[in-house]
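Note: the block below is upload-v6.txt and it holds compact mmCIF, C-alpha atoms.
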# COMPACT_ATOMS: atom_id res chain seq x y z
CA MET A 1 8.50 41.52 -37.22
CA ALA A 2 8.86 43.07 -33.81
CA VAL A 3 5.42 41.85 -32.71
CA SER A 4 6.15 38.22 -33.45
CA LEU A 5 9.52 38.48 -31.71
CA ARG A 6 7.69 39.54 -28.57
CA GLU A 7 5.31 36.65 -29.02
CA TYR A 8 8.16 34.19 -29.25
CA ARG A 9 9.75 35.62 -26.12
CA ALA A 10 6.46 35.22 -24.24
CA ARG A 11 6.15 31.62 -25.36
CA ILE A 12 9.69 30.87 -24.26
CA LYS A 13 8.94 32.35 -20.87
CA SER A 14 5.79 30.34 -20.33
CA THR A 15 7.51 27.16 -21.46
CA GLU A 16 10.31 27.88 -19.03
CA SER A 17 7.95 28.24 -16.09
CA MET A 18 6.18 25.07 -17.13
CA LYS A 19 9.50 23.31 -17.22
CA LYS A 20 10.20 24.51 -13.70
CA ILE A 21 6.92 23.00 -12.51
CA THR A 22 7.42 19.63 -14.20
CA ARG A 23 10.97 19.53 -12.94
CA ALA A 24 9.79 20.14 -9.37
CA MET A 25 7.17 17.41 -9.71
CA GLU A 26 9.78 15.04 -11.03
CA LEU A 27 12.01 15.69 -8.04
CA ILE A 28 9.14 15.33 -5.58
CA ALA A 29 8.11 12.01 -7.12
CA ALA A 30 11.72 10.83 -7.02
CA SER A 31 12.07 11.60 -3.33
CA ARG A 32 8.69 10.08 -2.42
CA ILE A 33 9.35 6.92 -4.33
CA ILE A 34 12.12 5.97 -1.92
CA LYS A 35 9.75 6.34 0.99
CA ALA A 36 7.09 4.32 -0.81
CA GLN A 37 9.57 1.56 -1.45
CA GLN A 38 10.64 1.60 2.18
CA ARG A 39 7.01 1.25 3.24
CA ALA A 40 6.59 -1.70 0.92
CA THR A 41 9.69 -3.34 2.38
CA ALA A 42 8.57 -2.60 5.94
CA ALA A 43 5.25 -4.32 5.29
CA ALA A 44 6.92 -7.41 3.87
CA PRO A 45 7.68 -9.18 7.21
CA TYR A 46 4.01 -9.14 8.17
CA ALA A 47 2.99 -10.66 4.84
CA ARG A 48 5.78 -13.23 5.09
CA GLU A 49 4.94 -14.35 8.64
CA LEU A 50 1.28 -14.46 7.75
CA THR A 51 1.91 -16.62 4.70
CA ARG A 52 4.03 -18.93 6.82
CA ALA A 53 1.31 -19.27 9.44
CA VAL A 54 -1.41 -19.85 6.85
CA SER A 55 0.57 -22.56 5.11
CA ALA A 56 1.29 -24.15 8.50
CA VAL A 57 -2.41 -24.42 9.25
CA ALA A 58 -3.12 -25.52 5.71
CA THR A 59 -0.60 -28.33 5.99
CA PHE A 60 -1.91 -29.67 9.27
CA SER A 61 -5.60 -29.39 9.00
CA ASN A 62 -8.06 -29.99 6.27
CA VAL A 63 -8.51 -26.56 4.90
CA ASP A 64 -12.16 -26.18 4.36
CA HIS A 65 -12.99 -22.62 5.03
CA PRO A 66 -15.64 -20.43 3.43
CA LEU A 67 -12.89 -18.20 2.05
CA THR A 68 -11.21 -21.06 0.22
CA ARG A 69 -14.37 -22.72 -1.06
CA GLU A 70 -14.96 -22.56 -4.78
CA GLU A 71 -18.51 -21.89 -5.80
CA GLU A 72 -19.67 -24.63 -8.18
CA ASN A 73 -21.40 -22.32 -10.54
CA PRO A 74 -19.90 -18.86 -10.24
CA LYS A 75 -22.24 -16.18 -11.56
CA ARG A 76 -20.90 -12.93 -10.23
CA ALA A 77 -17.37 -11.62 -9.86
CA ALA A 78 -16.10 -8.60 -8.01
CA VAL A 79 -13.27 -6.62 -9.54
CA LEU A 80 -11.23 -4.23 -7.42
CA ILE A 81 -9.40 -1.69 -9.55
CA ILE A 82 -6.53 0.18 -7.93
CA THR A 83 -5.60 3.44 -9.65
CA SER A 84 -4.19 6.78 -8.59
CA ASP A 85 -5.97 9.81 -7.20
CA ARG A 86 -4.13 12.30 -9.33
CA GLY A 87 -3.11 12.43 -12.96
CA LEU A 88 0.16 13.59 -14.49
CA ALA A 89 1.53 10.10 -14.22
CA GLY A 90 1.64 9.17 -17.87
CA ALA A 91 -0.35 6.10 -18.81
CA TYR A 92 -0.36 4.74 -15.25
CA SER A 93 -4.08 4.84 -14.54
CA SER A 94 -5.24 4.20 -18.08
CA SER A 95 -3.13 1.06 -18.41
CA VAL A 96 -4.65 -0.31 -15.20
CA LEU A 97 -8.11 0.50 -16.52
CA LYS A 98 -7.28 -1.16 -19.83
CA GLU A 99 -6.17 -4.28 -18.00
CA ALA A 100 -9.41 -4.18 -16.02
CA GLU A 101 -11.40 -3.99 -19.26
CA ARG A 102 -9.55 -7.01 -20.61
CA LEU A 103 -10.30 -8.95 -17.42
CA SER A 104 -13.95 -7.88 -17.53
CA GLU A 105 -14.28 -9.10 -21.07
CA ARG A 106 -12.85 -12.46 -20.14
CA LEU A 107 -15.16 -12.77 -17.15
CA ARG A 108 -18.16 -11.81 -19.26
CA ASP A 109 -17.20 -14.45 -21.81
CA GLU A 110 -17.31 -16.95 -18.96
CA GLY A 111 -20.85 -15.81 -18.30
CA LYS A 112 -20.23 -13.88 -15.11
CA GLU A 113 -21.65 -10.55 -14.15
CA ILE A 114 -19.31 -8.04 -12.65
CA ASP A 115 -19.48 -5.81 -9.59
CA TYR A 116 -16.86 -3.09 -9.60
CA PHE A 117 -15.04 -1.81 -6.54
CA LEU A 118 -12.74 1.13 -7.15
CA ALA A 119 -9.77 2.62 -5.37
CA GLY A 120 -8.46 5.98 -6.52
CA ARG A 121 -10.18 9.03 -7.95
CA LYS A 122 -9.11 8.27 -11.52
CA ALA A 123 -11.05 5.03 -11.63
CA GLU A 124 -14.05 6.70 -10.06
CA ALA A 125 -13.94 9.49 -12.64
CA TYR A 126 -13.60 6.96 -15.46
CA PHE A 127 -16.73 5.10 -14.34
CA LYS A 128 -18.74 8.20 -13.54
CA PHE A 129 -17.94 9.83 -16.86
CA ARG A 130 -19.16 6.77 -18.73
CA GLY A 131 -22.18 6.43 -16.49
CA ARG A 132 -21.23 2.90 -15.53
CA PRO A 133 -22.36 1.53 -12.19
CA PHE A 134 -19.96 0.57 -9.43
CA VAL A 135 -20.59 -0.71 -5.93
CA GLN A 136 -18.17 1.33 -3.88
CA ALA A 137 -15.20 3.62 -4.34
CA TRP A 138 -12.45 4.55 -1.92
CA THR A 139 -10.39 7.64 -2.66
CA GLY A 140 -7.83 9.97 -1.18
CA PHE A 141 -4.97 7.69 -0.19
CA SER A 142 -3.38 6.41 -3.38
CA ASP A 143 0.13 7.74 -2.74
CA GLN A 144 0.15 6.92 0.97
CA PRO A 145 -2.06 3.94 1.67
CA THR A 146 -2.62 2.98 5.30
CA TYR A 147 -3.40 -0.45 6.65
CA ASP A 148 -6.75 0.79 7.95
CA LYS A 149 -7.86 1.52 4.39
CA ALA A 150 -6.72 -1.90 3.22
CA ALA A 151 -8.60 -3.47 6.12
CA GLU A 152 -11.74 -1.54 5.18
CA ILE A 153 -11.54 -2.63 1.56
CA GLY A 154 -10.74 -6.19 2.57
CA ALA A 155 -13.66 -6.36 4.99
CA THR A 156 -16.07 -5.11 2.31
CA LEU A 157 -14.85 -7.64 -0.25
CA ILE A 158 -14.91 -10.52 2.22
CA GLU A 159 -18.42 -9.63 3.28
CA ALA A 160 -19.60 -9.63 -0.33
CA PHE A 161 -17.83 -12.91 -0.98
CA LEU A 162 -19.30 -14.68 2.05
CA LYS A 163 -22.90 -13.92 1.15
CA GLU A 164 -24.94 -16.84 -0.10
CA GLN A 165 -25.57 -17.15 -3.79
CA GLY A 166 -28.71 -15.28 -4.73
CA GLU A 167 -28.43 -12.89 -1.84
CA ASP A 168 -28.21 -9.22 -2.73
CA GLY A 169 -24.65 -8.14 -3.36
CA ASP A 170 -23.21 -11.64 -3.40
CA VAL A 171 -20.09 -12.36 -5.44
CA ASP A 172 -18.50 -15.73 -6.09
CA GLU A 173 -14.99 -14.60 -6.82
CA VAL A 174 -12.89 -11.51 -6.23
CA HIS A 175 -10.26 -10.19 -8.61
CA VAL A 176 -7.80 -7.38 -8.06
CA VAL A 177 -6.34 -5.29 -10.86
CA SER A 178 -3.36 -3.22 -9.80
CA THR A 179 0.13 -2.30 -10.86
CA ARG A 180 3.09 -4.30 -9.78
CA PHE A 181 6.33 -2.47 -9.12
CA ARG A 182 9.12 -4.37 -10.85
CA SER A 183 11.74 -1.65 -10.94
CA MET A 184 12.02 2.09 -11.34
CA LEU A 185 11.61 1.60 -15.07
CA VAL A 186 9.14 -1.24 -15.29
CA GLN A 187 5.71 -1.30 -13.71
CA GLU A 188 3.17 -3.69 -15.08
CA PRO A 189 -0.57 -3.78 -14.61
CA THR A 190 -1.63 -7.20 -13.39
CA ALA A 191 -4.86 -8.96 -12.53
CA ILE A 192 -4.92 -11.58 -9.79
CA ARG A 193 -7.69 -13.64 -8.30
CA LEU A 194 -7.88 -12.91 -4.60
CA LEU A 195 -10.83 -15.05 -3.54
CA PRO A 196 -11.46 -17.93 -3.22
CA LEU A 197 -7.99 -18.22 -1.75
CA GLU A 198 -5.51 -20.65 -3.12
CA VAL A 199 -3.61 -21.35 0.02
CA VAL A 200 -0.62 -23.11 -1.45
CA GLU A 201 1.30 -20.12 -2.67
CA GLY A 202 4.59 -20.46 -4.44
CA GLU A 203 6.44 -18.19 -2.04
CA GLU A 204 8.81 -19.97 0.27
CA ALA A 205 7.73 -23.54 -0.20
CA PRO A 206 9.26 -25.75 2.48
CA GLU A 207 12.11 -27.92 1.26
CA SER A 208 11.25 -31.56 0.93
CA ASP A 209 13.73 -32.75 3.56
CA GLU A 210 12.70 -30.10 6.04
CA LEU A 211 10.11 -31.47 8.40
CA LEU A 212 7.39 -29.05 9.21
CA PRO A 213 6.75 -28.82 12.94
CA LEU A 214 3.59 -30.32 14.33
CA TYR A 215 1.65 -27.36 15.58
CA ASP A 216 -0.64 -27.04 18.55
CA PHE A 217 -3.55 -24.88 17.66
CA GLU A 218 -5.23 -22.74 20.18
CA PRO A 219 -8.22 -22.63 20.48
CA SER A 220 -8.68 -24.94 17.45
CA PRO A 221 -7.42 -25.17 13.88
CA GLU A 222 -10.74 -23.91 12.54
CA GLN A 223 -10.79 -20.87 14.77
CA VAL A 224 -7.17 -20.06 14.06
CA LEU A 225 -7.96 -20.24 10.36
CA ASP A 226 -10.98 -18.05 10.91
CA GLY A 227 -8.72 -15.44 12.43
CA LEU A 228 -5.89 -15.85 9.95
CA LEU A 229 -7.51 -15.86 6.55
CA PRO A 230 -9.28 -12.48 6.65
CA GLN A 231 -6.02 -10.90 7.80
CA TYR A 232 -4.24 -12.69 5.03
CA VAL A 233 -6.63 -11.21 2.50
CA GLN A 234 -6.26 -7.74 3.97
CA SER A 235 -2.52 -7.99 4.04
CA ARG A 236 -2.50 -8.92 0.35
CA ILE A 237 -4.68 -5.94 -0.48
CA PHE A 238 -2.39 -3.72 1.58
CA TYR A 239 0.58 -5.08 -0.29
CA SER A 240 -1.14 -4.36 -3.62
CA LEU A 241 -1.88 -0.81 -2.50
CA LEU A 242 1.72 -0.23 -1.49
CA GLN A 243 3.00 -1.59 -4.78
CA ALA A 244 0.52 0.56 -6.64
CA ALA A 245 1.69 3.64 -4.73
CA ALA A 246 5.32 2.99 -5.59
CA SER A 247 4.37 2.36 -9.23
CA GLU A 248 2.33 5.54 -9.38
CA LEU A 249 5.25 7.61 -8.17
CA ALA A 250 7.64 5.90 -10.57
CA ALA A 251 5.25 6.52 -13.46
CA ARG A 252 4.86 10.13 -12.43
CA GLN A 253 8.60 10.62 -12.24
CA LYS A 254 9.02 9.15 -15.71
CA ALA A 255 6.20 11.25 -17.18
CA MET A 256 7.50 14.44 -15.61
CA LYS A 257 11.01 13.75 -16.79
CA ALA A 258 9.70 13.37 -20.34
CA ALA A 259 7.73 16.61 -19.95
CA THR A 260 10.81 18.47 -18.71
CA ASP A 261 12.88 17.16 -21.62
CA ASN A 262 10.20 18.17 -24.08
CA ALA A 263 9.98 21.64 -22.59
CA GLU A 264 13.73 21.99 -22.91
CA GLU A 265 13.60 21.04 -26.56
CA LEU A 266 10.73 23.41 -27.21
CA ILE A 267 12.64 26.24 -25.57
CA LYS A 268 15.65 25.51 -27.77
CA LYS A 269 13.53 25.55 -30.91
CA LEU A 270 11.72 28.73 -29.95
CA THR A 271 14.96 30.49 -29.05
CA ARG A 272 16.31 29.66 -32.48
CA ILE A 273 13.22 31.00 -34.24
CA ALA A 274 13.22 34.08 -32.03
CA ASN A 275 16.86 34.77 -32.85
CA GLN A 276 16.14 34.38 -36.53
CA ALA A 277 13.26 36.82 -36.26
CA ARG A 278 15.45 39.24 -34.31
CA GLN A 279 18.23 39.05 -36.92
CA ALA A 280 15.77 39.45 -39.74
CA GLY A 281 14.48 42.54 -38.00
CA ILE A 282 17.96 44.00 -37.64
CA THR A 283 18.80 43.26 -41.26
CA GLN A 284 15.68 44.95 -42.40
CA GLU A 285 16.37 47.98 -40.22
CA ILE A 286 19.91 48.30 -41.58
CA SER A 287 18.77 48.01 -45.16
CA GLU A 288 16.13 50.62 -44.46
CA ILE A 289 18.72 52.99 -42.97
CA VAL A 290 21.19 52.36 -45.78
CA GLY A 291 18.40 52.84 -48.31
CA GLY A 292 17.43 56.08 -46.59
CA VAL A 293 21.01 57.37 -46.49
CA ASN A 294 21.47 56.52 -50.17
CA ALA A 295 18.28 58.30 -51.08
CA LEU A 296 19.39 61.37 -49.10
CA ALA A 297 22.81 61.31 -50.75
CA ASP A 298 21.22 60.99 -54.18
CA ALA A 299 18.90 63.91 -53.45
CA GLN A 300 21.82 66.05 -52.19
CA ALA A 301 23.91 65.19 -55.31
CA ALA A 302 20.99 66.19 -57.52
CA ASN A 303 20.67 69.51 -55.62
CA ASP A 304 24.37 70.32 -56.03
CA MET B 1 20.69 -19.78 30.64
CA ALA B 2 22.45 -17.64 28.10
CA GLU B 3 25.50 -19.79 27.49
CA SER B 4 25.19 -19.67 23.74
CA ALA B 5 23.16 -17.91 21.11
CA ALA B 6 21.33 -21.14 20.35
CA SER B 7 19.74 -21.16 23.78
CA THR B 8 17.58 -18.12 23.20
CA LEU B 9 14.35 -17.43 21.49
CA HIS B 10 14.31 -15.42 18.34
CA VAL B 11 11.36 -13.06 18.51
CA GLU B 12 9.73 -11.01 15.79
CA LEU B 13 7.10 -8.54 16.87
CA VAL B 14 5.45 -7.40 13.68
CA ALA B 15 2.72 -4.89 12.94
CA ALA B 16 0.94 -4.67 9.60
CA ASP B 17 3.14 -1.89 8.30
CA ARG B 18 6.46 -2.42 10.06
CA THR B 19 8.58 -4.63 12.28
CA VAL B 20 8.26 -3.25 15.79
CA TRP B 21 10.96 -5.28 17.43
CA SER B 22 13.12 -8.18 16.47
CA GLY B 23 15.83 -9.87 18.48
CA GLU B 24 16.75 -12.48 21.03
CA ALA B 25 14.68 -13.00 24.15
CA SER B 26 14.61 -15.41 27.04
CA MET B 27 10.87 -15.36 27.58
CA VAL B 28 7.68 -14.17 25.97
CA ILE B 29 4.37 -13.76 27.76
CA ALA B 30 1.20 -13.18 25.78
CA ARG B 31 -2.51 -13.60 26.26
CA THR B 32 -4.36 -15.93 23.92
CA LEU B 33 -8.11 -16.27 23.70
CA GLU B 34 -7.88 -19.08 26.25
CA GLY B 35 -5.55 -17.47 28.74
CA ASP B 36 -1.99 -16.39 29.32
CA ILE B 37 0.81 -18.28 27.67
CA GLY B 38 4.48 -18.09 28.54
CA VAL B 39 6.99 -19.21 25.94
CA LEU B 40 10.47 -20.36 26.89
CA ARG B 41 13.10 -22.03 24.81
CA GLY B 42 12.09 -25.43 23.46
CA HIS B 43 8.38 -24.70 23.50
CA ALA B 44 6.22 -26.97 21.40
CA PRO B 45 5.16 -25.53 18.04
CA THR B 46 2.04 -23.51 18.64
CA LEU B 47 -0.21 -21.28 16.65
CA SER B 48 -2.74 -19.34 18.65
CA LEU B 49 -5.00 -16.36 18.39
CA LEU B 50 -4.31 -13.51 20.76
CA SER B 51 -6.84 -11.27 22.41
CA ALA B 52 -6.37 -7.53 22.53
CA SER B 53 -3.83 -7.49 25.30
CA VAL B 54 -0.35 -6.76 26.53
CA VAL B 55 2.60 -8.82 25.41
CA GLU B 56 5.81 -8.93 27.46
CA ILE B 57 9.18 -9.87 26.10
CA GLN B 58 12.13 -10.50 28.42
CA VAL B 59 15.08 -9.36 26.35
CA GLU B 60 17.99 -11.78 26.49
CA GLY B 61 21.05 -10.83 28.50
CA THR B 62 19.50 -7.74 30.09
CA ASN B 63 16.90 -6.89 32.67
CA GLN B 64 14.94 -5.03 30.07
CA LEU B 65 11.33 -6.01 29.76
CA LEU B 66 9.71 -4.99 26.52
CA VAL B 67 6.02 -4.24 26.85
CA ALA B 68 3.69 -3.70 23.92
CA ALA B 69 -0.06 -3.45 23.41
CA LEU B 70 -1.71 -5.47 20.66
CA ASP B 71 -5.15 -5.25 19.12
CA GLY B 72 -5.46 -8.99 18.66
CA GLY B 73 -3.49 -10.91 16.09
CA PHE B 74 -1.71 -14.17 16.72
CA LEU B 75 1.36 -15.89 18.02
CA SER B 76 3.30 -18.59 16.29
CA VAL B 77 6.08 -20.62 17.86
CA ALA B 78 8.29 -23.08 16.02
CA ASN B 79 11.94 -24.11 16.38
CA ASP B 80 12.63 -21.48 19.05
CA ARG B 81 11.33 -18.84 16.74
CA VAL B 82 8.43 -16.74 17.96
CA SER B 83 6.43 -14.43 15.74
CA ILE B 84 3.81 -12.16 17.14
CA LEU B 85 1.63 -10.53 14.53
CA ALA B 86 -1.04 -7.92 14.98
CA GLU B 87 -2.51 -5.18 12.87
CA ARG B 88 -1.58 -2.57 15.44
CA VAL B 89 1.33 -2.88 17.81
CA GLU B 90 2.44 -0.11 20.14
CA ARG B 91 5.32 -0.21 22.55
CA GLY B 92 4.49 0.85 26.08
CA GLU B 93 6.75 3.89 26.04
CA ASP B 94 5.10 5.24 22.86
CA ILE B 95 1.60 5.18 24.28
CA GLU B 96 0.00 8.35 25.58
CA VAL B 97 -2.04 7.36 28.59
CA SER B 98 -4.35 10.36 28.38
CA GLN B 99 -5.16 9.62 24.74
CA ALA B 100 -5.78 5.97 25.53
CA GLN B 101 -8.07 7.00 28.38
CA VAL B 102 -10.09 9.19 26.04
CA ASP B 103 -10.38 6.30 23.58
CA LEU B 104 -11.46 4.02 26.39
CA GLU B 105 -14.22 6.39 27.51
CA GLU B 106 -15.45 6.76 23.96
CA ALA B 107 -15.42 3.02 23.32
CA LYS B 108 -17.28 2.43 26.59
CA ARG B 109 -19.99 4.85 25.56
CA LEU B 110 -20.49 2.95 22.31
CA LEU B 111 -20.58 -0.38 24.08
CA ASP B 112 -24.32 -0.83 23.74
CA SER B 113 -24.64 0.32 20.18
CA SER B 114 -21.93 -1.58 18.33
CA ASP B 115 -20.24 -4.97 18.49
CA GLU B 116 -16.91 -3.50 17.59
CA ALA B 117 -16.81 -1.42 20.74
CA GLU B 118 -15.98 -4.33 23.01
CA GLN B 119 -12.85 -4.99 20.99
CA ARG B 120 -11.99 -1.30 21.18
CA VAL B 121 -12.48 -1.23 24.94
CA ARG B 122 -10.12 -4.16 25.32
CA HIS B 123 -7.55 -2.58 23.05
CA ALA B 124 -7.68 0.73 24.92
CA GLU B 125 -7.38 -1.07 28.25
CA ALA B 126 -4.41 -3.02 26.97
CA ARG B 127 -2.74 0.20 25.87
CA ILE B 128 -3.25 1.79 29.28
CA ARG B 129 -1.91 -1.31 31.02
CA ALA B 130 1.14 -1.40 28.77
CA ALA B 131 1.88 2.28 29.37
CA GLU B 132 1.46 1.89 33.12
CA LYS B 133 3.73 -1.10 33.21
CA VAL B 134 6.48 0.82 31.49
CA SER B 135 6.15 3.98 33.56
CA GLY B 136 5.81 2.01 36.78
CA LYS B 137 9.16 0.42 36.16
CA VAL B 138 10.90 3.67 35.41
CA SER B 139 9.76 5.64 38.45

Rewritten as structure tokens:
Amino acid sequence: MAVSLREYRARIKSTESMKKITRAMELIAASRIIKAQQRATAAAPYARELTRAVSAVATFSNVDHPLTREEENPKRAAVLIITSDRGLAGAYSSSVLKEAERLSERLRDEGKEIDYFLAGRKAEAYFKFRGRPFVQAWTGFSDQPTYDKAAEIGATLIEAFLKEQGEDGDVDEVHVVSTRFRSMLVQEPTAIRLLPLEVVEGEEAPESDELLPLYDFEPSPEQVLDGLLPQYVQSRIFYSLLQAAASELAARQKAMKAATDNAEELIKKLTRIANQARQAGITQEISEIVGGVNALADAQAAND
Amino acid sequence: MAESAASTLHVELVAADRTVWSGEASMVIARTLEGDIGVLRGHAPTLSLLSASVVEIQVEGTNQLLVAALDGGFLSVANDRVSILAERVERGEDIEVSQAQVDLEEAKRLLDSSDEAEQRVRHAEARIRAAEKVSGKVS
């Protein structure tokens, strides 16, 4: 009995230290999530002004730009998958990957081949483990994405998109699979088509009675568009990265909270079993002593 | 000129990851690809690309001149509302001249080998100019 009591105590101890770790991770995620949300809010004005400018150009000039042109017979699609670098975030990365698989299946049904671009170590590991090919992977920034990274990713995708059909590495459309941050409790994996751009976006449509100003373009509408659209693409990728970072932290906080709760429960259960074992041990010891005393008394009575 | 709030320009100076400055101004000077542009109240709606350069904002009601270095981006003016967007925006007082000088030297060295370097040279020069403008005013 005594051996197993010691075993229980050891298990309680290790569970307790595990609980301490998960609790610390939960708190860290909770404090970082606020920062991540602030970063997402801070980046919003840029995206908003950019959208406004793009729709201004779109309204006043005939938008015919390589980035908005639909290929007549799309054959290849690029899919950018945004996951986390680290695990311990519940189903966060796997639900993004699942969504990506669903999208891939749909694209394959439409007869398109797929080039994968990955962000985050989890996606890279997923593809490497299965021996599946991917074009490029970016890692090491999933919880604190910078604009430079987004610009790098954007430039790569735009370059692939702008290549002529038949050229090596050409893609005809670009999709992004990432997680959208709805609230602390709800994050949903979503797939959006990034390129070709659909310029008329539902955000902030001008009211019908509001006259849009007649813009002067300098140097020319085409050149302004040339400058605007790539930045627009990059800003949308940046926004996706920021949302993904906030979602990752929220998912991690939730997962770690569940782990802490489970550890607590396990400790309770183990303590109960350990107490039972301890009491059983004591009872046995007492009955042994009493038995011994009785036997002694019997022996003494027989002697007298 | 500043009789009422309606007679000023509302300016938003925005970098990719944050709003650098936002407020009322009486004048904005920026450099587009075609040359310098000054924006006062009532300017015609304009959308133009900026070169890597210094932008100056005359803050309304004070003598303060806000100087910032941009790495390109664009300027949009409509209804007395000016937005200046660039991937990187640094205010003159936040720029370290020595660091900018190092960047400039490095970019100049690369000038022959890469196309990007010219842009970097311009950006570094703009940062030095912005920093000098700010410090020149203080001393």

Which polymer residues have any atom within 10 Å of an atom of Ser93 of chain A, counting only C-alpha atoms, with same-chain residues fewer than 5 positions away left out, as a PDB file with C-alpha atoms, in the coordinates of the input?
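For reference, selection.pdb as written:
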ATOM      1  CA  ILE A  81      -9.400  -1.690  -9.550  1.00  0.00           C
ATOM      2  CA  ILE A  82      -6.530   0.180  -7.930  1.00  0.00           C
ATOM      3  CA  THR A  83      -5.600   3.440  -9.650  1.00  0.00           C
ATOM      4  CA  SER A  84      -4.190   6.780  -8.590  1.00  0.00           C
ATOM      5  CA  ASP A  85      -5.970   9.810  -7.200  1.00  0.00           C
ATOM      6  CA  ARG A  86      -4.130  12.300  -9.330  1.00  0.00           C
ATOM      7  CA  GLY A  87      -3.110  12.430 -12.960  1.00  0.00           C
ATOM      8  CA  LEU A  88       0.160  13.590 -14.490  1.00  0.00           C
ATOM      9  CA  LYS A  98      -7.280  -1.160 -19.830  1.00  0.00           C
ATOM     10  CA  GLU A  99      -6.170  -4.280 -18.000  1.00  0.00           C
ATOM     11  CA  GLY A 120      -8.460   5.980  -6.520  1.00  0.00           C
ATOM     12  CA  ARG A 121     -10.180   9.030  -7.950  1.00  0.00           C
ATOM     13  CA  LYS A 122      -9.110   8.270 -11.520  1.00  0.00           C
ATOM     14  CA  ALA A 123     -11.050   5.030 -11.630  1.00  0.00           C
ATOM     15  CA  TYR A 126     -13.600   6.960 -15.460  1.00  0.00           C
ATOM     16  CA  SER A 178      -3.360  -3.220  -9.800  1.00  0.00           C
ATOM     17  CA  THR A 179       0.130  -2.300 -10.860  1.00  0.00           C
ATOM     18  CA  PRO A 189      -0.570  -3.780 -14.610  1.00  0.00           C
ATOM     19  CA  GLU A 248       2.330   5.540  -9.380  1.00  0.00           C
ATOM     20  CA  ALA A 251       5.250   6.520 -13.460  1.00  0.00           C
TER      21      ALA A 251
END

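Every protein or nucleic acid residue with an atom no more than 6 Å from Glu60 of chain B, counting all atoms listed in the file and leaving out same-chain residues fewer than 3 positions away, appears here: B:Glu24, B:Ala25, B:Ser26.
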
Can you check which parts of chain B lie within 12 Å of chain A? Per residue, the shortest pair of atoms and distance in Å to one decimal, counting only C-alpha atoms, sorted by chain and number, as a tab-separated table.
residue	atom	partner	partner_atom	distance
B:Val11	CA	A:Glu49	CA	11.8
B:Glu12	CA	A:Pro45	CA	9.0
B:Leu13	CA	A:Tyr46	CA	9.3
B:Val14	CA	A:Tyr46	CA	6.0
B:Ala15	CA	A:Tyr46	CA	6.5
B:Ala16	CA	A:Tyr46	CA	5.6
B:Asp17	CA	A:Ala43	CA	4.4
B:Arg18	CA	A:Ala42	CA	4.6
B:Thr19	CA	A:Ala42	CA	6.7
B:Val20	CA	A:Ala42	CA	9.9
B:Trp21	CA	A:Pro45	CA	11.4
B:Ser22	CA	A:Pro45	CA	10.8
B:Arg31	CA	A:Glu218	CA	11.3
B:Thr32	CA	A:Glu218	CA	7.8
B:Leu33	CA	A:Pro219	CA	7.1
B:Glu34	CA	A:Pro219	CA	6.8
B:Gly35	CA	A:Glu218	CA	10.1
B:Asp36	CA	A:Glu218	CA	11.6
B:Ile37	CA	A:Glu218	CA	10.6
B:His43	CA	A:Asp216	CA	10.6
B:Ala44	CA	A:Tyr215	CA	7.4
B:Pro45	CA	A:Tyr215	CA	4.7
B:Thr46	CA	A:Asp216	CA	4.4
B:Leu47	CA	A:Phe217	CA	5.0
B:Ser48	CA	A:Glu218	CA	4.5
B:Leu49	CA	A:Val224	CA	6.1
B:Leu50	CA	A:Glu218	CA	9.3
B:Ser51	CA	A:Gly227	CA	11.0
B:Gly72	CA	A:Gly227	CA	9.5
B:Gly73	CA	A:Gly227	CA	7.8
B:Phe74	CA	A:Leu228	CA	8.1
B:Leu75	CA	A:Ala53	CA	9.2
B:Ser76	CA	A:Ala53	CA	7.2
B:Val77	CA	A:Tyr215	CA	8.4
B:Ala78	CA	A:Pro213	CA	6.7
B:Asn79	CA	A:Pro213	CA	7.8
B:Asp80	CA	A:Pro213	CA	11.2
B:Arg81	CA	A:Glu49	CA	11.3
B:Val82	CA	A:Glu49	CA	10.2
B:Ser83	CA	A:Glu49	CA	7.3
B:Ile84	CA	A:Glu49	CA	8.9
B:Leu85	CA	A:Tyr46	CA	6.9
B:Ala86	CA	A:Tyr46	CA	8.6
B:Glu87	CA	A:Tyr147	CA	7.9
B:Arg88	CA	A:Tyr147	CA	9.2
B:Val89	CA	A:Tyr46	CA	11.8

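If you look at atom CA of Ser95 of chain A and atom CA of Ile158 of chain A, they are 26.4 Å away from each other.
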
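Interatomic distance, atom CA of Val233 of chain A against atom CA of Val171 of chain A: 15.7 Å.
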
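The space separating atom CA of Glu96 of chain B from atom CA of Pro145 of chain A comes to 24.4 Å.
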
Please identify all polymer residues within 9 Å of Val59 of chain B, counting all atoms listed in the file, omitting same-chain residues fewer than 3 positions from it, and present them as a ChimeraX atom specification. /B:23-28,62-66

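The nearest approach to Glu118 of chain B among the residues B:Glu106, B:Ala69, B:Leu40, B:Val97, with all atoms listed in the file taken into account, belongs to B:Glu106.
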
Tell me which protein, DNA and RNA residues are within 12 Å of Glu72 of chain A, counting all atoms listed in the file, leaving out same-chain ones fewer than 5 positions away, and put them as a ChimeraX atom specification. /A:165,172-173,196
